[in-house]
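Source file structure-v6.tsv; content: TSV, C-alpha atoms and all ligand atoms.
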chain	number	residue	atom	x	y	z
I	31	MET	CA	24.33	-19.18	2.31
I	32	ASP	CA	26.05	-21.05	-0.48
I	33	GLU	CA	22.63	-21.96	-1.84
I	34	ASP	CA	19.14	-20.71	-1.00
I	35	ILE	CA	16.30	-23.11	-1.75
I	36	LEU	CA	12.95	-21.33	-1.90
I	37	TYR	CA	11.19	-24.56	-1.08
I	38	HIS	CA	7.52	-23.53	-1.34
I	39	LEU	CA	8.10	-21.74	-4.66
I	40	ASP	CA	10.17	-24.59	-6.11
I	41	LEU	CA	12.91	-22.12	-7.02
I	42	GLY	CA	16.52	-21.79	-5.85
I	43	THR	CA	19.71	-19.84	-6.34
I	44	LYS	CA	21.62	-22.81	-7.78
I	45	THR	CA	18.84	-24.29	-9.89
I	46	HIS	CA	17.52	-21.05	-11.41
I	47	ASN	CA	19.06	-17.86	-12.78
I	48	LEU	CA	16.95	-15.58	-10.61
I	49	PRO	CA	18.40	-12.24	-11.88
I	50	ALA	CA	17.66	-13.30	-15.48
I	51	MET	CA	14.18	-14.56	-14.62
I	52	PHE	CA	13.05	-11.76	-12.32
I	53	GLY	CA	15.56	-8.86	-12.48
I	54	ASP	CA	13.13	-6.55	-14.32
I	55	VAL	CA	10.22	-7.00	-11.87
I	56	LYS	CA	8.81	-3.64	-10.66
I	57	PHE	CA	5.32	-4.62	-9.49
I	58	VAL	CA	4.29	-7.65	-7.47
I	59	CYS	CA	0.59	-8.36	-7.04
I	60	VAL	CA	-0.54	-11.00	-4.58
I	61	GLY	CA	-3.93	-12.49	-3.75
I	62	GLY	CA	-5.37	-15.61	-2.18
I	63	SER	CA	-6.64	-17.55	-5.16
I	64	PRO	CA	-4.46	-19.15	-7.88
I	65	ASN	CA	-7.15	-18.64	-10.56
I	66	ARG	CA	-7.60	-14.97	-9.68
I	67	MET	CA	-3.86	-14.36	-9.89
I	68	LYS	CA	-3.63	-16.18	-13.24
I	69	ALA	CA	-6.55	-14.12	-14.55
I	70	PHE	CA	-4.83	-10.96	-13.33
I	71	ALA	CA	-1.59	-11.90	-15.13
I	72	GLN	CA	-3.53	-12.57	-18.35
I	73	PHE	CA	-5.37	-9.27	-17.96
I	74	MET	CA	-2.09	-7.37	-17.38
I	75	HIS	CA	-0.57	-9.07	-20.42
I	76	LYS	CA	-3.35	-7.62	-22.58
I	77	GLU	CA	-3.30	-4.22	-20.87
I	78	LEU	CA	0.47	-3.89	-21.39
I	79	GLN	CA	-0.03	-4.99	-25.01
I	80	LEU	CA	2.69	-7.61	-24.73
I	81	GLU	CA	3.28	-10.11	-27.52
I	82	GLY	CA	0.79	-12.98	-27.88
I	83	ASP	CA	-2.59	-13.25	-26.19
I	84	GLY	CA	-1.19	-14.31	-22.80
I	85	GLU	CA	-3.63	-17.23	-22.58
I	86	ASP	CA	-0.79	-19.78	-22.44
I	87	ILE	CA	1.00	-17.99	-19.58
I	88	GLU	CA	2.99	-20.51	-17.54
I	89	ASP	CA	2.95	-21.07	-13.80
I	90	ILE	CA	6.56	-20.48	-12.71
I	91	CYS	CA	5.90	-22.49	-9.54
I	92	ALA	CA	4.31	-25.44	-11.37
I	93	GLY	CA	6.72	-27.79	-9.56
I	94	THR	CA	4.81	-27.20	-6.32
I	95	ASP	CA	1.09	-26.91	-5.64
I	96	ARG	CA	1.57	-24.53	-2.69
I	97	TYR	CA	1.54	-21.27	-4.65
I	98	CYS	CA	1.15	-20.12	-8.28
I	99	MET	CA	3.33	-17.46	-9.88
I	100	PHE	CA	2.98	-15.74	-13.26
I	101	LYS	CA	5.17	-13.08	-14.84
I	102	THR	CA	4.06	-10.67	-17.51
I	103	GLY	CA	6.58	-7.95	-18.38
I	104	PRO	CA	7.57	-6.16	-15.15
I	105	VAL	CA	4.54	-7.53	-13.26
I	106	LEU	CA	4.68	-10.63	-11.07
I	107	SER	CA	1.36	-12.15	-9.95
I	108	ILE	CA	1.42	-14.66	-7.09
I	109	SER	CA	-1.20	-16.52	-5.07
I	110	HIS	CA	-0.75	-16.74	-1.30
I	111	GLY	CA	-3.55	-18.97	-0.04
I	112	MET	CA	-5.70	-18.04	2.94
I	113	GLY	CA	-4.55	-16.53	6.20
I	114	ILE	CA	-1.48	-15.15	7.93
I	115	PRO	CA	0.69	-18.30	8.07
I	116	SER	CA	0.19	-19.00	4.36
I	117	ILE	CA	0.94	-15.47	3.11
I	118	SER	CA	3.83	-15.15	5.57
I	119	ILE	CA	5.66	-18.19	4.15
I	120	MET	CA	5.12	-16.94	0.60
I	121	LEU	CA	6.37	-13.44	1.53
I	122	HIS	CA	9.57	-14.77	3.14
I	123	GLU	CA	10.45	-16.63	-0.04
I	124	LEU	CA	9.24	-13.88	-2.40
I	125	ILE	CA	11.26	-11.18	-0.61
I	126	LYS	CA	14.38	-13.39	-0.74
I	127	LEU	CA	13.68	-14.02	-4.42
I	128	LEU	CA	13.51	-10.26	-5.12
I	129	HIS	CA	16.79	-9.85	-3.23
I	130	HIS	CA	18.56	-12.68	-5.11
I	131	ALA	CA	17.22	-11.31	-8.41
I	132	ARG	CA	18.65	-7.87	-7.48
I	133	CYS	CA	15.28	-6.18	-8.10
I	134	CYS	CA	14.99	-2.54	-7.09
I	135	ASP	CA	12.15	-0.03	-6.59
I	136	VAL	CA	9.54	-2.76	-6.27
I	137	THR	CA	5.92	-1.96	-5.37
I	138	ILE	CA	3.88	-4.80	-3.90
I	139	ILE	CA	0.08	-4.79	-3.78
I	140	ARG	CA	-2.33	-7.30	-2.26
I	141	ILE	CA	-5.49	-7.48	-4.38
I	142	GLY	CA	-8.06	-9.37	-2.37
I	143	THR	CA	-11.62	-9.82	-1.21
I	144	SER	CA	-13.02	-8.82	2.16
I	145	GLY	CA	-16.15	-8.24	4.20
I	146	GLY	CA	-17.18	-4.58	4.39
I	147	ILE	CA	-18.48	-2.74	7.45
I	148	GLY	CA	-21.13	-0.07	6.80
I	149	ILE	CA	-20.26	0.34	3.11
I	150	ALA	CA	-21.96	-0.91	-0.07
I	151	PRO	CA	-20.94	-4.40	-1.25
I	152	GLY	CA	-18.64	-4.08	-4.27
I	153	SER	CA	-16.82	-1.08	-2.78
I	154	VAL	CA	-13.03	-1.18	-3.04
I	155	VAL	CA	-11.11	-0.34	0.14
I	156	ILE	CA	-7.53	0.93	-0.04
I	157	THR	CA	-5.99	0.24	3.36
I	158	ASP	CA	-4.22	3.07	5.16
I	159	THR	CA	-3.46	0.98	8.24
I	160	ALA	CA	-4.00	-2.70	8.90
I	161	VAL	CA	-5.28	-3.39	12.42
I	162	ASP	CA	-5.70	-6.51	14.51
I	163	SER	CA	-8.89	-7.82	16.16
I	164	PHE	CA	-8.46	-5.21	18.92
I	165	PHE	CA	-8.33	-2.42	16.28
I	166	LYS	CA	-4.64	-1.87	17.05
I	167	PRO	CA	-2.09	-1.15	14.26
I	168	ARG	CA	0.16	-4.05	15.16
I	169	PHE	CA	1.14	-7.56	14.16
I	170	GLU	CA	2.26	-9.89	16.92
I	171	GLN	CA	4.79	-12.41	15.65
I	172	ILE	CA	5.76	-15.20	18.00
I	173	ILE	CA	9.53	-15.68	17.66
I	174	LEU	CA	11.00	-18.46	19.80
I	175	ASP	CA	9.00	-17.88	23.00
I	176	ASN	CA	8.75	-14.11	22.63
I	177	VAL	CA	5.90	-12.02	21.29
I	178	VAL	CA	7.44	-9.47	18.92
I	179	THR	CA	5.12	-6.57	18.02
I	180	ARG	CA	5.56	-5.07	14.57
I	181	SER	CA	4.04	-1.96	12.97
I	182	THR	CA	1.37	-2.39	10.30
I	183	GLU	CA	1.47	1.10	8.76
I	184	LEU	CA	1.29	1.06	4.98
I	185	ASP	CA	2.71	3.56	2.49
I	186	LYS	CA	0.36	6.60	2.78
I	187	GLU	CA	1.60	8.20	-0.43
I	188	LEU	CA	0.94	4.99	-2.38
I	189	ALA	CA	-2.56	4.74	-0.88
I	190	THR	CA	-3.28	8.35	-1.93
I	191	ASP	CA	-1.89	7.71	-5.44
I	192	LEU	CA	-4.18	4.69	-5.71
I	193	LEU	CA	-7.19	6.70	-4.54
I	194	ASN	CA	-6.40	9.39	-7.14
I	195	CYS	CA	-6.11	6.66	-9.75
I	196	SER	CA	-9.51	5.28	-8.70
I	197	ARG	CA	-11.09	8.61	-9.68
I	198	GLU	CA	-10.06	7.79	-13.26
I	199	THR	CA	-11.41	4.24	-12.89
I	200	PRO	CA	-15.18	4.80	-12.75
I	201	GLY	CA	-17.83	2.13	-12.14
I	202	PHE	CA	-17.43	1.38	-8.44
I	203	PRO	CA	-16.89	3.27	-5.17
I	204	THR	CA	-13.35	3.33	-3.78
I	205	LEU	CA	-12.35	4.65	-0.37
I	206	ILE	CA	-9.44	4.68	2.07
I	207	GLY	CA	-9.90	3.09	5.49
I	208	HIS	CA	-8.48	0.78	8.11
I	209	THR	CA	-8.58	-2.94	7.36
I	210	MET	CA	-9.02	-5.43	10.19
I	211	CYS	CA	-7.04	-8.64	9.80
I	212	THR	CA	-8.25	-11.73	11.65
I	213	TYR	CA	-7.04	-15.29	12.18
I	214	ASP	CA	-10.36	-16.83	11.16
I	215	PHE	CA	-13.23	-16.23	8.72
I	216	TYR	CA	-16.05	-17.30	11.07
I	217	GLU	CA	-15.89	-16.64	14.83
I	218	GLY	CA	-12.76	-14.53	14.30
I	219	GLN	CA	-14.76	-12.13	12.11
I	220	GLY	CA	-17.83	-12.17	14.36
I	221	ARG	CA	-19.88	-14.45	12.10
I	222	LEU	CA	-22.93	-16.22	13.47
I	223	ASP	CA	-22.96	-18.87	10.71
I	224	GLY	CA	-19.88	-20.99	11.47
I	225	ALA	CA	-19.87	-24.53	12.86
I	226	LEU	CA	-19.23	-22.91	16.25
I	227	CYS	CA	-20.69	-19.68	17.56
I	228	SER	CA	-20.62	-18.60	21.19
I	229	PHE	CA	-22.00	-15.05	21.04
I	230	SER	CA	-25.30	-13.32	20.25
I	231	ARG	CA	-26.30	-11.22	17.23
I	232	GLU	CA	-26.30	-8.18	19.54
I	233	LYS	CA	-22.68	-8.86	20.62
I	234	LYS	CA	-21.65	-9.33	16.98
I	235	LEU	CA	-23.22	-6.01	15.92
I	236	ASP	CA	-21.76	-4.21	18.93
I	237	TYR	CA	-18.25	-5.46	17.97
I	238	LEU	CA	-18.57	-4.55	14.30
I	239	LYS	CA	-19.99	-1.11	15.12
I	240	ARG	CA	-17.06	-0.47	17.46
I	241	ALA	CA	-14.72	-1.54	14.65
I	242	TYR	CA	-16.46	0.94	12.31
I	243	LYS	CA	-16.09	3.70	14.91
I	244	ALA	CA	-12.36	2.91	15.14
I	245	GLY	CA	-12.08	3.52	11.37
I	246	VAL	CA	-12.29	-0.08	10.14
I	247	ARG	CA	-14.08	-0.36	6.79
I	248	ASN	CA	-13.31	-3.96	5.87
I	249	ILE	CA	-12.12	-7.30	7.28
I	250	GLU	CA	-9.79	-9.86	5.72
I	251	MET	CA	-7.07	-12.27	6.83
I	252	GLU	CA	-3.62	-11.23	5.60
I	253	SER	CA	-3.08	-7.45	5.80
I	254	THR	CA	-1.28	-7.12	9.16
I	255	VAL	CA	1.54	-9.55	8.41
I	256	PHE	CA	1.73	-8.28	4.82
I	257	ALA	CA	2.13	-4.67	6.04
I	258	ALA	CA	4.60	-5.65	8.77
I	259	MET	CA	6.89	-7.78	6.59
I	260	CYS	CA	6.88	-5.45	3.58
I	261	GLY	CA	7.47	-2.44	5.83
I	262	LEU	CA	10.44	-4.03	7.59
I	263	CYS	CA	11.95	-5.17	4.27
I	264	GLY	CA	11.59	-1.73	2.64
I	265	LEU	CA	8.97	-2.62	0.04
I	266	ARG	CA	6.40	0.01	-1.00
I	267	ALA	CA	3.21	-1.84	-0.14
I	268	ALA	CA	-0.55	-1.44	-0.50
I	269	VAL	CA	-3.65	-3.51	0.24
I	270	VAL	CA	-6.64	-3.11	-2.08
I	271	CYS	CA	-9.65	-5.32	-1.40
I	272	VAL	CA	-13.17	-5.40	-2.76
I	273	THR	CA	-15.96	-5.96	-0.22
I	274	LEU	CA	-18.29	-8.89	-0.94
I	275	LEU	CA	-20.99	-7.98	1.59
I	276	ASP	CA	-21.83	-5.55	4.37
I	277	ARG	CA	-21.22	-7.41	7.62
I	278	LEU	CA	-23.74	-5.18	9.44
I	279	GLU	CA	-26.37	-6.75	7.16
I	280	SER	CA	-25.32	-10.40	6.80
I	281	ASP	CA	-22.70	-13.10	7.23
I	282	GLN	CA	-23.28	-15.38	4.22
I	283	ILE	CA	-21.79	-14.52	0.84
I	284	ASN	CA	-24.66	-15.18	-1.56
I	285	LEU	CA	-23.50	-13.30	-4.64
I	286	SER	CA	-24.03	-15.00	-8.00
I	287	HIS	CA	-20.92	-16.37	-9.70
I	288	ASP	CA	-20.97	-13.56	-12.29
I	289	VAL	CA	-21.25	-10.80	-9.68
I	290	LEU	CA	-18.47	-12.40	-7.62
I	291	VAL	CA	-16.19	-12.51	-10.68
I	292	GLU	CA	-17.01	-8.88	-11.56
I	293	TYR	CA	-16.36	-7.71	-7.98
I	294	GLN	CA	-12.99	-9.52	-7.91
I	295	GLN	CA	-12.00	-7.73	-11.12
I	296	ARG	CA	-12.45	-4.29	-9.52
I	297	PRO	CA	-9.14	-4.16	-7.61
I	298	GLN	CA	-7.46	-5.67	-10.69
I	299	LEU	CA	-8.80	-2.89	-12.91
I	300	LEU	CA	-7.65	-0.20	-10.50
I	301	ILE	CA	-4.19	-1.72	-10.11
I	302	SER	CA	-3.81	-2.25	-13.84
I	303	ASN	CA	-4.56	1.45	-14.43
I	304	PHE	CA	-2.12	2.38	-11.67
I	305	ILE	CA	0.67	0.21	-13.13
I	306	LYS	CA	0.10	1.57	-16.65
I	307	LYS	CA	0.24	5.10	-15.25
I	308	GLN	CA	3.49	4.36	-13.39
I	309	LEU	CA	4.99	2.92	-16.58
I	310	GLY	CA	3.94	6.02	-18.52
I	311	LEU	CA	1.56	3.96	-20.66
I	312	CYS	CA	-1.75	5.65	-19.80
I	313	GLY	CA	-3.70	7.13	-22.64
I	314	GLN	CA	-2.03	4.77	-25.11
I	315	MET	CA	-3.90	1.68	-23.97
I	316	SER	CA	-7.43	0.35	-23.78
K	1	LIG	O1	-7.15	-12.70	-1.32
K	1	LIG	P1	-8.37	-13.31	-0.70
K	1	LIG	O2	-9.61	-12.93	-1.43
K	1	LIG	O3	-8.23	-14.81	-0.58
K	1	LIG	O4	-8.55	-12.77	0.78
K	1	LIG	C1	-9.62	-12.97	1.65
K	1	LIG	C2	-9.09	-13.28	3.04
K	1	LIG	C3	-9.06	-14.79	3.09
K	1	LIG	O5	-7.83	-15.27	2.59
K	1	LIG	C4	-10.17	-15.21	2.17
K	1	LIG	C5	-11.40	-15.65	2.92
K	1	LIG	O6	-12.47	-15.94	2.05
K	1	LIG	O7	-10.49	-14.07	1.36
K	2	LIG	O1	-16.23	-11.53	4.86
K	2	LIG	C1	-15.18	-11.78	4.27
K	2	LIG	C2	-15.12	-11.88	2.87
K	2	LIG	C3	-13.92	-12.20	2.27
K	2	LIG	N1	-12.84	-12.40	3.05
K	2	LIG	C4	-12.88	-12.30	4.40
K	2	LIG	O2	-11.86	-12.51	5.07
K	2	LIG	N2	-14.05	-11.98	4.97
Please rewrite the model in this file as structure tokens.
Ligand SMILES: O=P(O)(O)O[C@@H]1C[C@H](O)[C@@H](CO)O1
Ligand SMILES: O=c1cc[nH]c(=O)[nH]1
Amino acid sequence: MDEDILYHLDLGTKTHNLPAMFGDVKFVCVGGSPNRMKAFAQFMHKELQLEGDGEDIEDICAGTDRYCMFKTGPVLSISHGMGIPSISIMLHELIKLLHHARCCDVTIIRIGTSGGIGIAPGSVVITDTAVDSFFKPRFEQIILDNVVTRSTELDKELATDLLNCSRETPGFPTLIGHTMCTYDFYEGQGRLDGALCSFSREKKLDYLKRAYKAGVRNIEMESTVFAAMCGLCGLRAAVVCVTLLDRLESDQINLSHDVLVEYQQRPQLLISNFIKKQLGLCGQMS
């Protein structure tokens, strides 16, 4: 293409010097909420001891309200909204952006929230394999009128490195497990508290217990397409989500604001330590 307009990011190859803006990016962290991803960028700014306090960090995608993007040193922090279609659009444009910027050796990590199965709320799950609602390691993309099945394996070595790093990040339990990705938060995740519910509490528990038996430790809404797209495009990818509740116990998220904020910081803390370690900065920082 003579010109590539990354419409939902409000960036383009003719309007922006993408290699100058993004050429040094080595880590991309993504998550649903714009505020969380801004907070993560500000946190990374401090952890990397970059100049200034990072409080005035600018949203690179301020020209659109679809996604937010912040850059601090070699770390890019981007929001992706909720669900597969939203993260998929962002990933198409992000991956093209990394290509246009001639970035190399990029690691991409989703830092999110999730519902746990049979584990303590506040636990952090590092995904080894993302599975669909049938506990299968696949993402089915409809292309024209074909169903194209893609693998959802994630980088095992990266997951192990992250688990090792978690041992040096005390304060919360971290484990490796399968993550189930659904198309909905309510019926799609077996919740009884949506506007619609067509199954019993017994059926819900039977489903979630079967998921647990299949190795699923948490449920969220983006991991399968994230794993599939990053895998096909050759990006080293990981999914690290905190659990907000144990779905065998409840459906409603009734954590106080402060606890919710602290839980959401857990994956950020782990990833910040991992990034510092990768950059050879550990031991020199707070
Ligand atoms: O990254 P976040 O915390 O947004 O991910 C999960 C999955 C859905 O997008 C959302 C549902 O509350 O949270
Ligand atoms: O239960 C939960 C909590 C957060 N995100 C989800 O997708 N499910």
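Remark: for His38 of chain I, the closest of the candidate residues I:Leu80, I:Cys59, I:Met99, I:Leu174 is I:Met99 (distances computed over only C-alpha atoms).
A straight line drawn from atom CA of Val270 of chain I to atom CA of Glu183 of chain I is 14.2 Å long.
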Surrounding residues of Leu36 of chain I excluding itself and chain neighbours under 2 positions, 9 Å, only C-alpha atoms, as a compact mmCIF listing (two decimals) with C-alpha atoms, in the frame of the given file:
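Writing done, so here's around26.txt:
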# COMPACT_ATOMS: atom_id res chain seq x y z
CA ASP I 34 19.14 -20.71 -1.00
CA HIS I 38 7.52 -23.53 -1.34
CA LEU I 39 8.10 -21.74 -4.66
CA ASP I 40 10.17 -24.59 -6.11
CA LEU I 41 12.91 -22.12 -7.02
CA GLY I 42 16.52 -21.79 -5.85
CA THR I 43 19.71 -19.84 -6.34
CA HIS I 122 9.57 -14.77 3.14
CA GLU I 123 10.45 -16.63 -0.04
CA LEU I 124 9.24 -13.88 -2.40
CA LYS I 126 14.38 -13.39 -0.74
CA LEU I 127 13.68 -14.02 -4.42
Could you check the closest approach to ligand LIG 1 (chain K) for each of I:Ile141, I:Cys98, I:Leu265, I:Met210 and tell me which residue wins, using only C-alpha atoms and all ligand atoms?
I:Ile141
Using only C-alpha atoms and all ligand atoms, determine which residues fall within 9 Å of ligand LIG 1 (chain K), then list them as a PyMOL selection string.
chain I and resi 60-63+66+109-114+117+140-145+211-212+214-215+249-253+271-272+294
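Residues in contact with Pro49 of chain I at up to 7 Å, not including ones fewer than 2 positions away on its chain and judged by all atoms listed in the file, are I:Asn47, I:Met51, I:Phe52, I:Gly53, I:His130, I:Ala131, I:Arg132.
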Would you pick out the contacts of Glu292 of chain I at 12 Å or less, using only C-alpha atoms, so that residues sharing its chain but fewer than 4 positions from it are not included, and give the list as a VMD selection string?
chain I and resid 66 143 151 to 153 201 to 202 272 to 274 285 to 288 296 to 299
Distance query Lys76 of chain I at most 12 Å, only C-alpha atoms, self and fewer than 5 positions along chain excluded, as number ranges by chain
I: 69-71, 81-85, 87, 102-103, 302, 306, 315-316
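Each of I:Phe165, I:Phe229, I:Ala160, I:Ile147 was checked against ligand LIG 2 (chain K) using only C-alpha atoms and all ligand atoms; the smallest atom-to-atom distance is that of I:Ile147.
With only C-alpha atoms as the atoms that count, the residue of I:Ala244, I:Ile283, I:Ile119, I:Ile206 with the shortest distance to Asp223 of chain I is I:Ile283.
Using only C-alpha atoms, the residues found no farther than 10 Å from segment 309-311 of chain I, other than those of its own chain fewer than 3 positions away, are Lys56, Glu77, Leu78, Pro104, Asn303, Phe304, Ile305, Lys306, Gln314 and Met315 of chain I.
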For Ser181 of chain I, which residue out of I:Ile301, I:Leu262, I:Arg231, I:Ile139 is the nearest one, using all atoms listed in the file?
I:Leu262
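Of note, atom CA of Gly146 of chain I and atom CA of Ala257 of chain I are spaced 19.4 Å apart.
For the pair atom CA of Thr157 of chain I and atom CA of Asn284 of chain I, the separation is 24.7 Å.
Minimum atom-to-atom distances from I:Gly224, I:Gly264, I:Gly93, I:Gly148 to Lys243 of chain I were compared using all atoms listed in the file, and the lowest value belongs to I:Gly148.
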Mind working out the centre and edge lengths of an axis-aligned box for segment 214-223 of chain I, all listed atoms inside, 5 Å added to each side, rounded to one decimal in Å and written as JSON?
{"center_x": -16.7, "center_y": -15.5, "center_z": 11.8, "size_x": 22.6, "size_y": 16.7, "size_z": 16.1}
